[in-house]
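Participant: After the structure tokens below, expect a handful of questions from me.
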Protein chains: 4
Amino acid sequence: MSGRHLLQIPGPTNVPDRILQAISRPTIDHRGPEFRDMAADILVRLPLIFKATGPVVTFPASGTGAWEAALVNCLSPNDRVLIYETGHFASTWCRLAQKLSLQTTVLPTDWRHGVDAEVLAETLEQDKAGSIKAVCLVHNETSTGVCSDIQKARAAMNQTGHPALLMVDTISSLASIDYCHDDWGVDVTIAGSQKGLMLPPGLSFNAVSDKALHAARSAAMPKAYWDWQDVIDANQSQLFPYTPATNLLFGLREAIAMLLEEGLDQVFARHARLAEATRCAVKAWGLELLCLDPDRYSNSLTAVMMPQGHDADALRNVILDRCDMSLGNGLGQLAGKVFRIGHLGDFNELMLASALSGIEMGLTLAEVPHKPGGAQAAMDYLSDTSPRP
Amino acid sequence: MSGRHLLQIPGPTNVPDRILQAISRPTIDHRGPEFRDMAADILVRLPLIFKATGPVVTFPASGTGAWEAALVNCLSPNDRVLIYETGHFASTWCRLAQKLSLQTTVLPTDWRHGVDAEVLAETLEQDKAGSIKAVCLVHNETSTGVCSDIQKARAAMNQTGHPALLMVDTISSLASIDYCHDDWGVDVTIAGSQKGLMLPPGLSFNAVSDKALHAARSAAMPKAYWDWQDVIDANQSQLFPYTPATNLLFGLREAIAMLLEEGLDQVFARHARLAEATRCAVKAWGLELLCLDPDRYSNSLTAVMMPQGHDADALRNVILDRCDMSLGNGLGQLAGKVFRIGHLGDFNELMLASALSGIEMGLTLAEVPHKPGGAQAAMDYLSDTSPRP
Amino acid sequence: MSGRHLLQIPGPTNVPDRILQAISRPTIDHRGPEFRDMAADILVRLPLIFKATGPVVTFPASGTGAWEAALVNCLSPNDRVLIYETGHFASTWCRLAQKLSLQTTVLPTDWRHGVDAEVLAETLEQDKAGSIKAVCLVHNETSTGVCSDIQKARAAMNQTGHPALLMVDTISSLASIDYCHDDWGVDVTIAGSQKGLMLPPGLSFNAVSDKALHAARSAAMPKAYWDWQDVIDANQSQLFPYTPATNLLFGLREAIAMLLEEGLDQVFARHARLAEATRCAVKAWGLELLCLDPDRYSNSLTAVMMPQGHDADALRNVILDRCDMSLGNGLGQLAGKVFRIGHLGDFNELMLASALSGIEMGLTLAEVPHKPGGAQAAMDYLSDTSPRP
Amino acid sequence: MSGRHLLQIPGPTNVPDRILQAISRPTIDHRGPEFRDMAADILVRLPLIFKATGPVVTFPASGTGAWEAALVNCLSPNDRVLIYETGHFASTWCRLAQKLSLQTTVLPTDWRHGVDAEVLAETLEQDKAGSIKAVCLVHNETSTGVCSDIQKARAAMNQTGHPALLMVDTISSLASIDYCHDDWGVDVTIAGSQKGLMLPPGLSFNAVSDKALHAARSAAMPKAYWDWQDVIDANQSQLFPYTPATNLLFGLREAIAMLLEEGLDQVFARHARLAEATRCAVKAWGLELLCLDPDRYSNSLTAVMMPQGHDADALRNVILDRCDMSLGNGLGQLAGKVFRIGHLGDFNELMLASALSGIEMGLTLAEVPHKPGGAQAAMDYLSDTSPRP
């Protein structure tokens with residue numbers, strides 16, 4: 001097919017050339033001075049992306065590995081974790097905890113709203129015995145496009161005085177939607193490389209609070225690959241306890257540089273603006289957003305409900321075949337019912353125009369009932385909110 | 001700036017990754033077997049792109065060099081050439097001929113129409129002495145978006161029985177708009193790498209007829225770098241008479257492969273479709289096309305007239321600043337009066353949607369009077385003409 | 001520094017441009033048809049490299065992760081594993097097993113010999129209760145340059161009739177030294193991407209026998225990220241249970257293609273030849289090989305003893321500073337006492353000449369007592385054994 | 001073939017990854033601000049490489065084009081040029097001048113010595129009529145490895161008071177061997193991209209003195225593509241008169257940066273050191289250098305005579321087949337009689353060790369009589385002259 005493929009799944013995102021070039025540099029000795037210089041740079045600047053002052057532990061692993069790392073470092077066998085099931089990924093994290101022999105308490109949702117801080121608080125208050133050792137929340141649910149209010153959840157936890165650790169998945173929010181590991185009082189932040197960090201998949205992260213580090217000292221779950229302490233110790237000398245994914249680290253250094261050059265505030269504002277334009281398009285089409293709470297709309301992706309009787313995957317296939325664009329599928333109970341538009345990472349207004357035009361053409365070609373003018377509405381929003389020259 | 005720059009000038013065009021990767025391979029010995037294998041491949045397949053059976057001479061040079069090569073190989077000092085001034089590039093070619101001490105007869109146009117075969121024929125008929133040694137035509141005027149009918153021009157020349165050579169510039173048409181060096185009776189075809197061939201600039205070409213080769217034998221203009229015969233002789237052994245631009249040749253081999261994989265007919269149909277969609281947008285905006293003859297609309301670029309009192313470069317600057325897209329400027333007498341949209345090369349429907357959306361946003365932001373809905377009209381055209389799944 | 005860095009640590013190895021280009025392709029949808037085509041190709045052809053007919057499970061992880069995966073899939077808490085400590089990496093694997101709460105029985109060596117099949121057999125025979133559930137061997141010890149005879153070890157195990165699983169680390173032997181997962185009766189083979197596979201680090205592998213799969217069904221260690229079954233199930237549809245390291249998989253596909261194009265037998269012969277040349281150099285220098293058993297010399301790396309009173313790291317620093325070449329350091333109890341020359345992966349005779357010349361210059365500059373002529377001796381060996389044209 | 005190809009022809013040279021990455025960036029608008037910033041940088045810093053204060057004109061062309069440009073800008077039809085035929089390239093330049101209808105006076109040599117300043121002076125003195133308009137010298141003859149003394153030649157010219165322009169080809173010396181366009185009183189310096197500048201071929205250069213610019217104003221040879229004034233004028237606005245070879249300019253900017261980072265003096269010292277080591281090897285082999293004047297040995301390449309009855313191309317083929325290294329062939333009257341070792345550009349001690357080891361192995365395999373120990377001798381020279389740590 002001629003021209004450029006458009007990767008509008010909600011991650012992996014379109015990796016910029018600057019990062020692709022970085023990861024294609026010849027691999028170097030992971031114990032030599034050039035590597036250590038790079039590691040020193042990453043170790044100092046990566047926490048800025050998390051707004052963390054403590055360590056950020058980097059794993060050569062997918063985001064799923066960082067979920068596992070958070071649990072096995074802080075918990076002991078049969079510990080209980082409270083998981084707020086805001087969508088497919090929260091649910092998957094829960095299954096992972098169960099596979100690791102942890103007890104789970106699940107707070108259900110309709111997958112169309114975020115975390116309810118009051119429900120969370122109530123649940124913790126009922127846990128007089130303190131059996132819940134960790135609360136697991138997903139900041140931005142990649143399967144639904146609902147972004148929960150972590151600050152409020154933390155405040156609610158604080159009010160109960162419950163000592164559980166707070167673990168937050170920011171896989172599809174970090175470096176796209178404002179997030180403050182320290183200020184929001186998060187104990188373990190889980191992140192991955194392939195979304196707002198604009199890298200290919202293959203790296204994942206745990207930002208860790210003092211409280212989490214303290215918990216880790218007495219946690220009894222067996223751990224080796226995921227052991228934070230080994231990484232933190234080796235990082236003192238700009239090393240890793242086992243062979244790091246050197247070429248992805250080349251890309252990580254570049255990604256951090258790009259984000260800091262643009263400025264995190266500008267990065268977040270850009271995502272917010274492109275997300276709002278996307279929602280303008282969806283509304284203009286007369287389609288329904290999956291997320292029912294406007295305060296909780298995600299700025300990194302938008303999940304759109306298919307009209308009754310129409311299959312999202314059929315639409316996605318038409319768009320892939322005709323327009324060479326990939327969209328995200330519905331996951332778990334949403335399979336076939338929604339499609340997801342990723343609008344995060346290395347992304348700008350004209351790329352969004354492409355994406356929305358492709359969806360609109362696809363809706364027409366797949367004969368999905370909709371009103372025309374979605375892409376136009378997005379463009380109008382962007383023009384209207386652009387400062388005059 | 002975040003996201004991808006959109007290069008919608010009418011060349012250089014967006015170079016696909018496959019070609020960028022090819023040109024970044026380590027340079028090799030230009031006299032060794034690996035090079036010769038590549039040269040053999042190019043020498044066999046490059047003529048297919050010109051629909052030529054004779055030699056195509058490749059120069060490490062810009063397209064301007066290929067203009068010069070056409071003239072110095074076939075002509076003698078003070079020979080006369082007839083140049084049909086269909087736009088800025090025809091006019092520049094004329095100046096080049098004059099700098100080379102050739103006599104020029106210029107057939108003027110309003111830069112909004114193509115070659116008039118009757119006018120051409122009349123002019124040749126008046127040249128009873130046969131002083132005109134070559135007719136220089138631009139197939140597709142990159143400065144105006146007018147594509148002349150070369151076949152008709154040749155037929156008119158034939159009818160006069162005038163022996164002048166026919167030289168045709170296909171710099172912005174080759175591999176985008178159907179062109180037949182042999183069947184149309186062209187003697188020298190001039191082309192460059194940076195348009196339909198999807199390469200960076202730096203290579204240019206002369207496809208040469210037997211008649212032109214014959215003329216070259218007695219032509220008296222001094223020539224060395226541009227001497228066809230040296231190249232043709234060296235090419236017999238898959239070599240070049242001086243160091244070739246090896247890495248651009250890596251790209252050329254890949255470009256030819258990509259074009260033949262897609263199929264030239266499909267390449268031309270794609271360009272035609274995207275060009276028509278572009279014109280739908282311009283009409284919907286209520287703007288005027290520079291080209292006044294619908295039969296001669298270019299399929300590789302569209303030049304759009306600015307409304308009175310509005311400067312095209314101011315618009316282009318807004319679009320570059322806000323939307324990170326480059327458009328072509330007005331050249332020569334058209335400076336400030338038109339902007340040019342390149343829609344050729346490695347290009348597809350969603351890239352066009354990007355480009356048109358960016359122009360529409362730019363028109364709004366620069367407060368250029370226009371009707372909304374141009375991008376939408378293009379999209380509608382594309383949807384309407386797309387086969388149903 | 002001018003010119004190319006030479007990466008002669010025993011892995012990561014010099015990644016060829018073809019693979020660096022592959023991993024720098026734009027990331028694609030890991031659930032789309034293009035990805036599935038690639039996965040299908042890898043799933044069919046990767047086992048050929050292991051000479052395995054069963055599944056090879058690929059993890060986005062370092063080799064250390066593949067060690068952990070082997071253990072957690074097959075074993076239950078407090079199970080006993082027998083580890084033959086042939087060097088630093090065997091010892092590290094042992095510590096990893098202990099961190100995972102497994103019981104370990106360690107068979108010590110002087111780190112200068114390979115596995116002694118008789119000692120192994122005796123140990124198993126004494127385990128009448130069958131408490132040992134797995135035997136962990138390192139095929140090629142990256143820290144010592146000793147390559148153990150796995151076939152012999154398996155035969156010895158078979159003779160005892162002991163039911164323990166056989167797990168073999170081939171991290172620095174796979175695709176460099178002949179290895180037969182099926183024929184040698186190995187249950188779990190552990191491998192990584194950054195050595196003979198010529199990739200950057202970030203992928204690791206478990207080739208799995210039926211017996212191991214069977215054991216996995218009743219194994220009680222908690223596992224999630226490393227769970228073979230999830231991967232094997234998803235692989236049925238050319239998918240992975242979590243986001244795979246797409247760009248490294250681009251490289252893996254290319255690496256497999258390169259190895260099969262060269263032919264595994266030729267790959268092994270090339271490594272054997274370059275390794276023998278390296279040993280010729282070491283002998284000519286009058287230095288001592290760490291490996292004391294000529295039958296067990298490694299063909300992928302050579303560890304060289306420093307003369308008494310001379311520090312290997314001082315030598316390595318001189319060579320890095322002056323010659324821009326990285327060599328492997330002494331690990332664990334060998335720190336400062338040996339340097340290690342990697343001669344594996346994408347490597348040829350002239351690269352070896354570079355490496356040995358750099359070492360010889362370094363020995364001189366660092367004033368390490370040695371005889372000159374090592375590089376010359378290697379070259380002579382290569383010339384002598386090269387078929388005459 | 002496994003491992004890296006070694007490109008030891010005397011240009012194109014081994015292009016460093018940093019430059020290959022630069023030239024693989026997406027092509028940009030050659031009239032936009034990003035391009036102009038790059039052009040501004042190049043226009044300021046490129047003259048530093050020539051040690052020139054006047055303009056350096058860059059052509060999208062091979063070095064041969066820059067020869068032609070020098071002549072057509074300064075001369076009029078039938079002007080006489082004096083060419084000192086120090087080797088194949090001087091001879092080729094002469095043929096080019098003749099093809100351009102210039103008169104040529106050729107001073108012959110045995111191709112084993114450089115320019116003899118006295119002979120040059122005598123010749124000019126005899127030209128009482130001042131018919132010689134330009135003296136054409138090759139600084140470093142790529143076909144012979146003889147580097148002429150340009151300063152001395154200029155001094156001799158000055159003493160005669162002859163007004164001829166001095167044109168110097170530095171194609172294989174620029175950025176490898178010290179060269180001072182201004183201080184040495186050169187009027188036109190000819191250079192190319194693919195040698196000391198470490199780029200792929202495709203760009204060439206004329207550094208131009210005031211005297212040459214003045215001559216150009218009245219020179220009557222027809223010129224268009226090569227017209228300096230058009231380039232100089234366009235360069236005032238950081239533009240070029242026709243589409244420049246953008247991606248090679250990306251590389252040029254990077255090449256200049258690399259050279260200035262290393263420092264020109266260090267670049268020259270590095271080349272001198274590696275060249276001397278190469279000559280040590282040749283002497284140790286008992287082979288004869290083509291250059292007979294030790295003061296004129298080239299620091300960028302070495303041409304080696306084959307023993308009687310042995311064919312250089314047979315040797316080169318063996319080395320290419322067995323060692324994957326390209327060497328330069330004998331050109332013109334030297335065909336088959338010499339091979340040429342390029343030791344210029346992005347090159348270091350271990351790359352040289354590779355190259356010399358490959359030649360030594362090739363000599364053995366091709367059964368060319370020689371003494372062993374050449375590579376060793378080079379290495380000894382390098383060790384002996386390396387400062388102790």
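Each chain of the structure tokens is named A, B, ... in the order shown, its residues numbered from 1; ligands are numbered from 1 in display order.
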Using only C-alpha atoms, I'd like every residue of chain D that has an atom within 9 Å of chain C; please write them out as an MDAnalysis selection string.
Facilitator: chainID D and resid 1:4 6 14 16:17 258 262 267 270 318 322:325 345:355 357:358 360:362 364:366 372:373 375:376 379:380 382:384 386:389
Participant: Pick out the residues sitting within 8 Å of Asn247 (chain C), and hand them over as a PyMOL selection string; count only C-alpha atoms, and ignore anything fewer than 3 positions along from it in its own chain.
Facilitator: (chain A and resi 200-201) or (chain C and resi 22-27+250-251)
Participant: Using C-alpha atoms, can you write the selected residues to a file as a compact mmCIF listing (two decimals), in the first residue's frame?
Facilitator:
```
# COMPACT_ATOMS: atom_id res chain seq x y z
CA PRO A 200 8.26 0.48 21.04
CA PRO A 201 7.06 -1.97 23.70
CA ALA C 22 14.67 -4.21 11.01
CA ILE C 23 14.22 -3.03 14.59
CA SER C 24 13.95 0.58 13.47
CA ARG C 25 10.86 -0.03 11.36
CA PRO C 26 7.74 1.73 12.65
CA THR C 27 5.99 -0.24 15.37
CA PHE C 250 11.17 -7.54 13.66
CA GLY C 251 14.84 -8.15 14.39
```
Participant: From the options D:Ala97, D:Val138, D:Val208, D:Ile9, which residue's atoms come nearest to Lys195 (chain D), counting only C-alpha atoms?
Facilitator: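 Among the listed residues, the smallest separation from Lys195 (chain D) belongs to D:Ile9.
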Participant: Give me, as a ChimeraX atom specification, the residues of region 203-320 of chain C that a backbone DSSP run labels helix (DSSP H, G or I).
Facilitator: /C:210-218,228-235,246-262,264-285,294-296,312-320
Participant: Write down as a VMD selection string the residues of region 1-134 of chain B whose backbone DSSP state falls under strand (DSSP E or B).
Facilitator: chain B and resid 6 to 8 56 to 60 80 to 85 103 to 108 132 to 134
Participant: Report, in Å with one decimal, the straight-line distance from CA of Ser131 (chain B) to CA of Met221 (chain B).
Facilitator: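 Going from CA of Ser131 (chain B) over to CA of Met221 (chain B) covers 16.0 Å.
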Participant: Could you work out how far CA of Asp182 (chain B) lies from CA of Tyr297 (chain B), giving the answer in Å with one decimal?
Facilitator: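 We find that CA of Tyr297 (chain B) and CA of Asp182 (chain B) lie 23.3 Å from each other.
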Participant: List the spatial neighbours of Asp295 (chain D) as a ChimeraX atom specification - criterion: any atom at most 9 Å away, only C-alpha atoms, same-chain residues fewer than 3 positions off excluded.
Facilitator: /D:147,292,298
Participant: Contacts of Ser237 (chain D) at 9 Å or less, counting only C-alpha atoms, minus same-chain residues fewer than 4 places along, as a VMD selection string?
Facilitator: chain D and resid 36 40 233
Participant: Emit the selected residues as an mmCIF file, in the first residue's frame, including N, CA and C atoms.
Facilitator:
```cif
data_model
loop_
_atom_site.group_PDB
_atom_site.id
_atom_site.type_symbol
_atom_site.label_atom_id
_atom_site.label_comp_id
_atom_site.auth_asym_id
_atom_site.auth_seq_id
_atom_site.Cartn_x
_atom_site.Cartn_y
_atom_site.Cartn_z
ATOM 1 N N ARG D 36 16.767 26.224 5.606
ATOM 2 C CA ARG D 36 17.619 27.415 5.607
ATOM 3 C C ARG D 36 18.539 27.451 6.823
ATOM 4 N N ALA D 40 22.473 27.587 6.424
ATOM 5 C CA ALA D 40 23.251 28.647 7.067
ATOM 6 C C ALA D 40 24.434 28.033 7.812
ATOM 7 N N ASP D 233 24.683 33.577 -5.313
ATOM 8 C CA ASP D 233 23.560 34.500 -5.116
ATOM 9 C C ASP D 233 22.453 33.851 -4.290
#
```
Participant: What is the CA of Asn206 (chain C) to CA of Ile190 (chain C) distance in Å?
Facilitator: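 According to the coordinates, CA of Asn206 (chain C) and CA of Ile190 (chain C) are separated by 4.9 Å.
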Participant: Fewer than 5 positions away in the same chain doesn't count, so skip those; otherwise give me all residues within 10 Å of Gly342 (chain A), counting only C-alpha atoms, as an NGL selection string.
Facilitator: :A and (7-14 or 142 or 145 or 172 or 195 or 275 or 278 or 299-303 or 326-328 or 347 or 352 or 355)
Participant: Give me, as a VMD selection string, all polymer residues having an atom no more than 7 Å from Val57 (chain C), counting only C-alpha atoms and skipping those fewer than 4 positions away in the same chain.
Facilitator: chain C and resid 205 to 207 228 231 to 232
Participant: Compile the contact shell of Ala219 (chain D) as a list in words: residues with an atom at most 7 Å away, counting only C-alpha atoms, same-chain residues fewer than 2 positions apart removed.
Facilitator: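 My list of contacting residues is Asn73, Cys74, Leu75, Ser76, Ala215, Ala216, Arg217 and Met221 of chain D.
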Participant: Please produce a file of those selected residues containing all heavy atoms, as a PDB file, in the first residue's frame.
Facilitator:
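As a result, again29.pdb now contains:
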```pdb
ATOM      1  N   ASN D  73      33.669  27.840 -15.287  1.00  0.00           N
ATOM      2  CA  ASN D  73      33.431  29.134 -14.659  1.00  0.00           C
ATOM      3  C   ASN D  73      34.528  30.139 -14.949  1.00  0.00           C
ATOM      4  O   ASN D  73      34.270  31.344 -14.995  1.00  0.00           O
ATOM      5  CB  ASN D  73      33.276  28.976 -13.143  1.00  0.00           C
ATOM      6  CG  ASN D  73      31.843  28.657 -12.758  1.00  0.00           C
ATOM      7  OD1 ASN D  73      30.997  29.545 -12.739  1.00  0.00           O
ATOM      8  ND2 ASN D  73      31.560  27.382 -12.494  1.00  0.00           N
ATOM      9  N   CYS D  74      35.758  29.647 -15.120  1.00  0.00           N
ATOM     10  CA  CYS D  74      36.900  30.583 -15.205  1.00  0.00           C
ATOM     11  C   CYS D  74      37.419  30.795 -16.613  1.00  0.00           C
ATOM     12  O   CYS D  74      38.231  31.703 -16.822  1.00  0.00           O
ATOM     13  CB  CYS D  74      38.060  30.064 -14.362  1.00  0.00           C
ATOM     14  SG  CYS D  74      37.680  30.012 -12.613  1.00  0.00           S
ATOM     15  N   LEU D  75      37.040  29.958 -17.537  1.00  0.00           N
ATOM     16  CA  LEU D  75      37.748  29.964 -18.808  1.00  0.00           C
ATOM     17  C   LEU D  75      36.829  30.291 -19.980  1.00  0.00           C
ATOM     18  O   LEU D  75      35.599  30.277 -19.852  1.00  0.00           O
ATOM     19  CB  LEU D  75      38.418  28.598 -19.028  1.00  0.00           C
ATOM     20  CG  LEU D  75      39.405  28.200 -17.916  1.00  0.00           C
ATOM     21  CD1 LEU D  75      39.904  26.789 -18.135  1.00  0.00           C
ATOM     22  CD2 LEU D  75      40.581  29.183 -17.856  1.00  0.00           C
ATOM     23  N   SER D  76      37.469  30.555 -21.097  1.00  0.00           N
ATOM     24  CA  SER D  76      36.749  30.841 -22.337  1.00  0.00           C
ATOM     25  C   SER D  76      37.123  29.765 -23.355  1.00  0.00           C
ATOM     26  O   SER D  76      38.174  29.126 -23.225  1.00  0.00           O
ATOM     27  CB  SER D  76      37.136  32.227 -22.859  1.00  0.00           C
ATOM     28  OG  SER D  76      36.753  33.202 -21.903  1.00  0.00           O
ATOM     29  N   ALA D 215      37.842  36.327 -12.535  1.00  0.00           N
ATOM     30  CA  ALA D 215      38.009  35.691 -13.845  1.00  0.00           C
ATOM     31  C   ALA D 215      36.662  35.208 -14.377  1.00  0.00           C
ATOM     32  O   ALA D 215      36.380  35.280 -15.578  1.00  0.00           O
ATOM     33  CB  ALA D 215      38.994  34.526 -13.729  1.00  0.00           C
ATOM     34  N   ALA D 216      35.840  34.701 -13.467  1.00  0.00           N
ATOM     35  CA  ALA D 216      34.554  34.139 -13.887  1.00  0.00           C
ATOM     36  C   ALA D 216      33.670  35.183 -14.552  1.00  0.00           C
ATOM     37  O   ALA D 216      32.862  34.871 -15.427  1.00  0.00           O
ATOM     38  CB  ALA D 216      33.838  33.528 -12.672  1.00  0.00           C
ATOM     39  N   ARG D 217      33.851  36.427 -14.129  1.00  0.00           N
ATOM     40  CA  ARG D 217      32.983  37.470 -14.680  1.00  0.00           C
ATOM     41  C   ARG D 217      33.184  37.652 -16.187  1.00  0.00           C
ATOM     42  O   ARG D 217      32.255  37.959 -16.909  1.00  0.00           O
ATOM     43  CB  ARG D 217      33.205  38.784 -13.927  1.00  0.00           C
ATOM     44  CG  ARG D 217      32.162  38.938 -12.814  1.00  0.00           C
ATOM     45  CD  ARG D 217      32.447  40.102 -11.885  1.00  0.00           C
ATOM     46  NE  ARG D 217      32.409  39.603 -10.503  1.00  0.00           N
ATOM     47  CZ  ARG D 217      33.355  39.802  -9.597  1.00  0.00           C
ATOM     48  NH1 ARG D 217      34.433  40.502  -9.895  1.00  0.00           N
ATOM     49  NH2 ARG D 217      33.211  39.304  -8.391  1.00  0.00           N
ATOM     50  N   MET D 221      33.011  30.631 -21.465  1.00  0.00           N
ATOM     51  CA  MET D 221      32.470  29.289 -21.693  1.00  0.00           C
ATOM     52  C   MET D 221      31.020  29.254 -21.244  1.00  0.00           C
ATOM     53  O   MET D 221      30.676  29.798 -20.199  1.00  0.00           O
ATOM     54  CB  MET D 221      33.279  28.232 -20.929  1.00  0.00           C
ATOM     55  CG  MET D 221      34.657  28.009 -21.554  1.00  0.00           C
ATOM     56  SD  MET D 221      35.428  26.490 -20.929  1.00  0.00           S
ATOM     57  CE  MET D 221      34.460  25.244 -21.777  1.00  0.00           C
TER      58      MET D 221
END
```
